[in-house]
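Reproduced below: coords-v4.cif, with mmCIF, N, CA and C atoms.
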data_model
#
loop_
_atom_site.label_atom_id
_atom_site.label_comp_id
_atom_site.auth_asym_id
_atom_site.auth_seq_id
_atom_site.Cartn_x
_atom_site.Cartn_y
_atom_site.Cartn_z
N MET V 7 -1.78 21.92 -27.65
CA MET V 7 -1.05 20.76 -27.17
C MET V 7 0.43 21.12 -27.07
N LYS V 8 1.03 20.77 -25.95
CA LYS V 8 2.46 20.99 -25.73
C LYS V 8 3.11 19.64 -25.49
N LYS V 9 3.63 19.06 -26.57
CA LYS V 9 4.22 17.73 -26.46
C LYS V 9 5.61 17.79 -25.84
N THR V 10 5.86 16.78 -25.00
CA THR V 10 7.15 16.63 -24.33
C THR V 10 7.56 15.17 -24.42
N VAL V 11 8.85 14.95 -24.60
CA VAL V 11 9.41 13.60 -24.63
C VAL V 11 10.00 13.31 -23.26
N VAL V 12 9.56 12.22 -22.64
CA VAL V 12 10.07 11.79 -21.34
C VAL V 12 10.76 10.45 -21.53
N THR V 13 12.02 10.35 -21.09
CA THR V 13 12.74 9.09 -21.17
C THR V 13 13.14 8.65 -19.77
N VAL V 14 13.08 7.34 -19.56
CA VAL V 14 13.45 6.73 -18.27
C VAL V 14 14.38 5.57 -18.56
N VAL V 15 15.57 5.58 -17.95
CA VAL V 15 16.55 4.52 -18.16
C VAL V 15 17.15 4.14 -16.83
N GLY V 16 17.29 2.83 -16.60
CA GLY V 16 17.93 2.37 -15.36
C GLY V 16 17.75 0.88 -15.17
N LYS V 17 18.28 0.38 -14.06
CA LYS V 17 18.10 -1.03 -13.71
C LYS V 17 16.61 -1.28 -13.47
N ASP V 18 16.12 -2.38 -13.97
CA ASP V 18 14.71 -2.71 -13.80
C ASP V 18 14.38 -2.96 -12.33
N SER V 19 13.25 -2.42 -11.90
CA SER V 19 12.75 -2.67 -10.55
C SER V 19 11.24 -2.48 -10.54
N VAL V 20 10.61 -2.99 -9.52
CA VAL V 20 9.16 -2.89 -9.39
C VAL V 20 8.75 -1.44 -9.16
N GLY V 21 7.75 -0.98 -9.90
CA GLY V 21 7.14 0.32 -9.64
C GLY V 21 7.62 1.49 -10.45
N ILE V 22 8.55 1.29 -11.37
CA ILE V 22 9.05 2.43 -12.15
C ILE V 22 7.92 3.10 -12.92
N ILE V 23 7.19 2.32 -13.70
CA ILE V 23 6.10 2.88 -14.51
C ILE V 23 5.05 3.50 -13.60
N ALA V 24 4.72 2.84 -12.52
CA ALA V 24 3.69 3.35 -11.60
C ALA V 24 4.08 4.71 -11.02
N LYS V 25 5.32 4.86 -10.60
CA LYS V 25 5.74 6.12 -9.99
C LYS V 25 5.74 7.26 -11.00
N VAL V 26 6.22 6.99 -12.20
CA VAL V 26 6.26 8.04 -13.22
C VAL V 26 4.84 8.41 -13.64
N CYS V 27 4.00 7.41 -13.88
CA CYS V 27 2.62 7.67 -14.32
C CYS V 27 1.80 8.35 -13.22
N THR V 28 2.05 8.01 -11.97
CA THR V 28 1.35 8.68 -10.87
C THR V 28 1.71 10.16 -10.83
N TYR V 29 2.99 10.46 -10.98
CA TYR V 29 3.41 11.87 -11.03
C TYR V 29 2.71 12.60 -12.17
N LEU V 30 2.71 11.99 -13.35
CA LEU V 30 2.08 12.63 -14.51
C LEU V 30 0.59 12.87 -14.26
N ALA V 31 -0.11 11.86 -13.77
CA ALA V 31 -1.55 11.99 -13.52
C ALA V 31 -1.83 13.06 -12.46
N ASN V 32 -1.03 13.10 -11.41
CA ASN V 32 -1.23 14.08 -10.34
C ASN V 32 -0.99 15.52 -10.80
N ASN V 33 -0.31 15.66 -11.93
CA ASN V 33 0.00 16.99 -12.47
C ASN V 33 -0.73 17.28 -13.78
N THR V 34 -1.78 16.53 -14.06
CA THR V 34 -2.63 16.73 -15.25
C THR V 34 -1.80 16.69 -16.53
N ILE V 35 -0.86 15.77 -16.59
CA ILE V 35 -0.04 15.56 -17.78
C ILE V 35 -0.53 14.28 -18.44
N ASN V 36 -1.01 14.41 -19.68
CA ASN V 36 -1.62 13.30 -20.39
C ASN V 36 -0.57 12.51 -21.18
N ILE V 37 -0.61 11.20 -21.07
CA ILE V 37 0.28 10.33 -21.84
C ILE V 37 -0.36 10.11 -23.22
N LEU V 38 0.36 10.50 -24.27
CA LEU V 38 -0.13 10.34 -25.63
C LEU V 38 0.37 9.04 -26.26
N ASP V 39 1.59 8.66 -25.92
CA ASP V 39 2.19 7.44 -26.47
C ASP V 39 3.25 6.96 -25.48
N ILE V 40 3.43 5.65 -25.42
CA ILE V 40 4.40 5.09 -24.48
C ILE V 40 4.99 3.82 -25.07
N SER V 41 6.29 3.66 -24.88
CA SER V 41 6.99 2.45 -25.30
C SER V 41 7.99 2.11 -24.21
N GLN V 42 8.02 0.85 -23.82
CA GLN V 42 8.98 0.44 -22.80
C GLN V 42 9.50 -0.94 -23.12
N THR V 43 10.73 -1.17 -22.72
CA THR V 43 11.34 -2.46 -22.92
C THR V 43 12.33 -2.73 -21.79
N ILE V 44 12.58 -4.00 -21.57
CA ILE V 44 13.59 -4.41 -20.61
C ILE V 44 14.57 -5.30 -21.36
N VAL V 45 15.84 -4.92 -21.34
CA VAL V 45 16.87 -5.68 -22.03
C VAL V 45 17.97 -6.01 -21.03
N ASN V 46 18.15 -7.30 -20.80
CA ASN V 46 19.22 -7.78 -19.92
C ASN V 46 19.20 -7.08 -18.56
N GLY V 47 18.00 -6.87 -18.02
CA GLY V 47 17.87 -6.27 -16.70
C GLY V 47 17.83 -4.75 -16.67
N PHE V 48 17.93 -4.12 -17.84
CA PHE V 48 17.88 -2.66 -17.91
C PHE V 48 16.53 -2.21 -18.47
N PHE V 49 15.92 -1.27 -17.77
CA PHE V 49 14.62 -0.73 -18.14
C PHE V 49 14.81 0.51 -19.00
N ASN V 50 14.02 0.61 -20.07
CA ASN V 50 14.07 1.76 -20.96
C ASN V 50 12.64 2.12 -21.35
N MET V 51 12.24 3.36 -21.11
CA MET V 51 10.89 3.79 -21.47
C MET V 51 10.97 5.16 -22.13
N MET V 52 10.16 5.33 -23.17
CA MET V 52 10.02 6.62 -23.83
C MET V 52 8.54 6.94 -23.90
N MET V 53 8.20 8.15 -23.49
CA MET V 53 6.81 8.59 -23.49
C MET V 53 6.70 9.91 -24.23
N ILE V 54 5.60 10.08 -24.93
CA ILE V 54 5.22 11.38 -25.47
C ILE V 54 4.04 11.82 -24.62
N VAL V 55 4.17 12.98 -23.99
CA VAL V 55 3.13 13.47 -23.09
C VAL V 55 2.72 14.88 -23.50
N ASP V 56 1.54 15.27 -23.04
CA ASP V 56 1.03 16.62 -23.29
C ASP V 56 0.99 17.36 -21.96
N VAL V 57 1.78 18.42 -21.85
CA VAL V 57 1.86 19.19 -20.60
C VAL V 57 0.99 20.45 -20.63
N ALA V 58 0.14 20.60 -21.64
CA ALA V 58 -0.65 21.82 -21.81
C ALA V 58 -1.53 22.15 -20.61
N ASP V 59 -2.07 21.14 -19.95
CA ASP V 59 -2.99 21.37 -18.83
C ASP V 59 -2.29 21.41 -17.47
N CYS V 60 -0.98 21.24 -17.45
CA CYS V 60 -0.22 21.27 -16.20
C CYS V 60 0.01 22.71 -15.77
N SER V 61 -0.24 23.00 -14.52
CA SER V 61 -0.08 24.37 -14.01
C SER V 61 1.36 24.72 -13.63
N LYS V 62 2.24 23.72 -13.60
CA LYS V 62 3.62 23.96 -13.20
C LYS V 62 4.45 24.46 -14.37
N GLU V 63 5.50 25.22 -14.04
CA GLU V 63 6.47 25.64 -15.04
C GLU V 63 7.20 24.41 -15.57
N PHE V 64 7.62 24.46 -16.85
CA PHE V 64 8.28 23.32 -17.46
C PHE V 64 9.53 22.92 -16.68
N GLY V 65 10.31 23.88 -16.24
CA GLY V 65 11.53 23.59 -15.48
C GLY V 65 11.26 22.85 -14.19
N THR V 66 10.14 23.14 -13.57
CA THR V 66 9.75 22.44 -12.34
C THR V 66 9.43 20.99 -12.64
N ILE V 67 8.71 20.75 -13.73
CA ILE V 67 8.39 19.38 -14.14
C ILE V 67 9.68 18.59 -14.37
N VAL V 68 10.61 19.20 -15.11
CA VAL V 68 11.89 18.55 -15.40
C VAL V 68 12.61 18.20 -14.10
N ASP V 69 12.70 19.16 -13.19
CA ASP V 69 13.41 18.94 -11.92
C ASP V 69 12.74 17.86 -11.08
N GLU V 70 11.42 17.88 -11.00
CA GLU V 70 10.71 16.89 -10.18
C GLU V 70 10.83 15.49 -10.77
N LEU V 71 10.78 15.36 -12.09
CA LEU V 71 10.96 14.05 -12.71
C LEU V 71 12.38 13.54 -12.48
N GLU V 72 13.37 14.42 -12.58
CA GLU V 72 14.75 14.01 -12.31
C GLU V 72 14.90 13.53 -10.87
N GLN V 73 14.24 14.20 -9.94
CA GLN V 73 14.29 13.81 -8.53
C GLN V 73 13.66 12.43 -8.32
N ILE V 74 12.53 12.19 -8.96
CA ILE V 74 11.88 10.86 -8.88
C ILE V 74 12.84 9.80 -9.41
N GLY V 75 13.50 10.10 -10.51
CA GLY V 75 14.47 9.17 -11.08
C GLY V 75 15.61 8.85 -10.12
N GLU V 76 16.14 9.88 -9.49
CA GLU V 76 17.23 9.68 -8.53
C GLU V 76 16.78 8.79 -7.38
N GLU V 77 15.56 9.00 -6.90
CA GLU V 77 15.04 8.19 -5.80
C GLU V 77 14.91 6.72 -6.19
N MET V 78 14.68 6.44 -7.47
CA MET V 78 14.50 5.07 -7.95
C MET V 78 15.79 4.48 -8.54
N GLY V 79 16.84 5.27 -8.63
CA GLY V 79 18.08 4.80 -9.24
C GLY V 79 18.02 4.78 -10.76
N CYS V 80 17.17 5.65 -11.32
CA CYS V 80 17.03 5.77 -12.78
C CYS V 80 17.39 7.18 -13.21
N VAL V 81 17.53 7.34 -14.51
CA VAL V 81 17.71 8.67 -15.08
C VAL V 81 16.44 9.01 -15.84
N ILE V 82 15.78 10.09 -15.45
CA ILE V 82 14.57 10.55 -16.13
C ILE V 82 14.86 11.91 -16.72
N LYS V 83 14.61 12.04 -18.02
CA LYS V 83 14.80 13.31 -18.73
C LYS V 83 13.49 13.70 -19.40
N ALA V 84 13.22 14.99 -19.42
CA ALA V 84 12.06 15.52 -20.12
C ALA V 84 12.53 16.66 -21.02
N GLN V 85 12.13 16.60 -22.28
CA GLN V 85 12.50 17.63 -23.25
C GLN V 85 11.29 18.00 -24.08
N ARG V 86 11.15 19.26 -24.38
CA ARG V 86 10.09 19.68 -25.29
C ARG V 86 10.30 18.99 -26.63
N GLU V 87 9.21 18.60 -27.26
CA GLU V 87 9.29 17.84 -28.51
C GLU V 87 10.06 18.59 -29.59
N ASP V 88 9.83 19.88 -29.75
CA ASP V 88 10.50 20.62 -30.80
C ASP V 88 12.02 20.65 -30.59
N ILE V 89 12.46 20.78 -29.35
CA ILE V 89 13.90 20.78 -29.06
C ILE V 89 14.47 19.38 -29.26
N PHE V 90 13.73 18.36 -28.81
CA PHE V 90 14.15 16.97 -29.00
C PHE V 90 14.35 16.68 -30.49
N ASP V 91 13.39 17.10 -31.32
CA ASP V 91 13.47 16.88 -32.77
C ASP V 91 14.71 17.56 -33.37
N LYS V 92 14.96 18.77 -32.96
CA LYS V 92 16.11 19.51 -33.50
C LYS V 92 17.44 18.88 -33.06
N MET V 93 17.49 18.38 -31.83
CA MET V 93 18.72 17.76 -31.33
C MET V 93 19.02 16.44 -32.02
N HIS V 94 17.99 15.74 -32.48
CA HIS V 94 18.16 14.41 -33.04
C HIS V 94 17.99 14.37 -34.55
N ARG V 95 18.05 15.52 -35.16
CA ARG V 95 17.97 15.61 -36.63
C ARG V 95 19.31 15.19 -37.20
N ILE V 96 19.27 14.36 -38.22
CA ILE V 96 20.52 13.88 -38.84
C ILE V 96 20.93 14.81 -39.95
#

Would you put the structure from the file into structure tokens?
Amino acid sequence: MKKTVVTVVGKDSVGIIAKVCTYLANNTINILDISQTIVNGFFNMMMIVDVADCSKEFGTIVDELEQIGEEMGCVIKAQREDIFDKMHRI
């Protein structure tokens, strides 16, 4: 299992979850956990996904998710879980 943290932040609009999840499904990326909230018109989602079965390089996944985010007016970031944990250690 290769866990990755995916975050999506931006103004709420129709289809954000659908577009991100469609990309993940089309690339054999399994969603392990998901949390989303909308606060005062701003959408925030955090996902833990497994990229082990994806045939694409990790950098390609990151770039393509960022591109999807730009098209929707959101910021989408993907980080390997181990790096995410180290960056957010207190």

In Å, how far is it from CA of Gly75 (chain V) to CA of Lys17 (chain V)? 11.1 Å

I'd like the neighbourhood of region 21-34 of chain V as a PyMOL selection string, where a residue qualifies if any of its atoms comes within 6.5 Å (using only N, CA and C atoms), though same-chain residues fewer than 4 positions away should be ignored. chain V and resi 56-57+59-61

Extract, using all atoms listed in the file, all DNA, RNA and protein residues at most 7 Å from Ala58 (chain V), discarding same-chain residues fewer than 4 positions from it, and format them as a count of residues only. 6

Kindly give the distance, in Å, that separates atom C of Glu87 (chain V) and CA of Glu70 (chain V), rounded to a single decimal.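 A separation of 19.5 Å between them.
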
I need the helix (DSSP H, G or I) residues of region 9-88 of chain V per DSSP on the backbone, written as a list in words.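 So the helix (DSSP H, G or I) residues in region 9-88 of chain V would be Ile22, Ile23, Ala24, Lys25, Val26, Cys27, Thr28, Tyr29, Leu30, Ala31, Asn32, Phe64, Gly65, Thr66, Ile67, Val68, Asp69, Glu70, Leu71, Glu72, Gln73, Ile74, Gly75, Glu76, Glu77, Met78, Glu87 and Asp88 of chain V.
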
Using only N, CA and C atoms, which of V:Gly79, V:Glu72, V:Ser19, V:Ala84 sits nearest Gly47 (chain V)? V:Ser19

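Across the structure, CA of Gly65 (chain V) and CA of Ile40 (chain V) are spaced 21.8 Å apart.
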
At a cut-off of 12 Å, using only C-alpha atoms, what residues contact Asp69 (chain V)? Leave out same-chain residues fewer than 6 positions from it and give the result as a list in words.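 Here the answer would be Lys62, Glu63, Gly75, Glu76, Val81, Ile82, Lys83, Ala84 and Gln85 of chain V.
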
Determine which residues of region 15-77 of chain V DSSP labels as strand (DSSP E) from the backbone of this structure, then write them out as an MDAnalysis selection string. chainID V and resid 15:17 36:45 48:56

Nearest-residue call for Ile54 (chain V), choices V:Asp39, V:Asp18, V:Glu77, V:Asp88, using all atoms listed in the file: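 So, comparing all the options, the nearest one is V:Asp39.
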
Which residues come within 8 Å of Val15 (chain V), counting only C-alpha atoms, excluding same-chain residues fewer than 4 positions away, as a PyMOL selection string? chain V and resi 48-51+80-82

Could those residues be written to a file, using N, CA and C atoms, as an mmCIF file, keeping the file's coordinate frame?
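So the final result, stored in out_26.cif, reads:
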data_model
loop_
_atom_site.group_PDB
_atom_site.id
_atom_site.type_symbol
_atom_site.label_atom_id
_atom_site.label_comp_id
_atom_site.auth_asym_id
_atom_site.auth_seq_id
_atom_site.Cartn_x
_atom_site.Cartn_y
_atom_site.Cartn_z
ATOM 1 N N PHE V 48 17.930 -4.120 -17.840
ATOM 2 C CA PHE V 48 17.880 -2.660 -17.910
ATOM 3 C C PHE V 48 16.530 -2.210 -18.470
ATOM 4 N N PHE V 49 15.920 -1.270 -17.770
ATOM 5 C CA PHE V 49 14.620 -0.730 -18.140
ATOM 6 C C PHE V 49 14.810 0.510 -19.000
ATOM 7 N N ASN V 50 14.020 0.610 -20.070
ATOM 8 C CA ASN V 50 14.070 1.760 -20.960
ATOM 9 C C ASN V 50 12.640 2.120 -21.350
ATOM 10 N N MET V 51 12.240 3.360 -21.110
ATOM 11 C CA MET V 51 10.890 3.790 -21.470
ATOM 12 C C MET V 51 10.970 5.160 -22.130
ATOM 13 N N CYS V 80 17.170 5.650 -11.320
ATOM 14 C CA CYS V 80 17.030 5.770 -12.780
ATOM 15 C C CYS V 80 17.390 7.180 -13.210
ATOM 16 N N VAL V 81 17.530 7.340 -14.510
ATOM 17 C CA VAL V 81 17.710 8.670 -15.080
ATOM 18 C C VAL V 81 16.440 9.010 -15.840
ATOM 19 N N ILE V 82 15.780 10.090 -15.450
ATOM 20 C CA ILE V 82 14.570 10.550 -16.130
ATOM 21 C C ILE V 82 14.860 11.910 -16.720
#
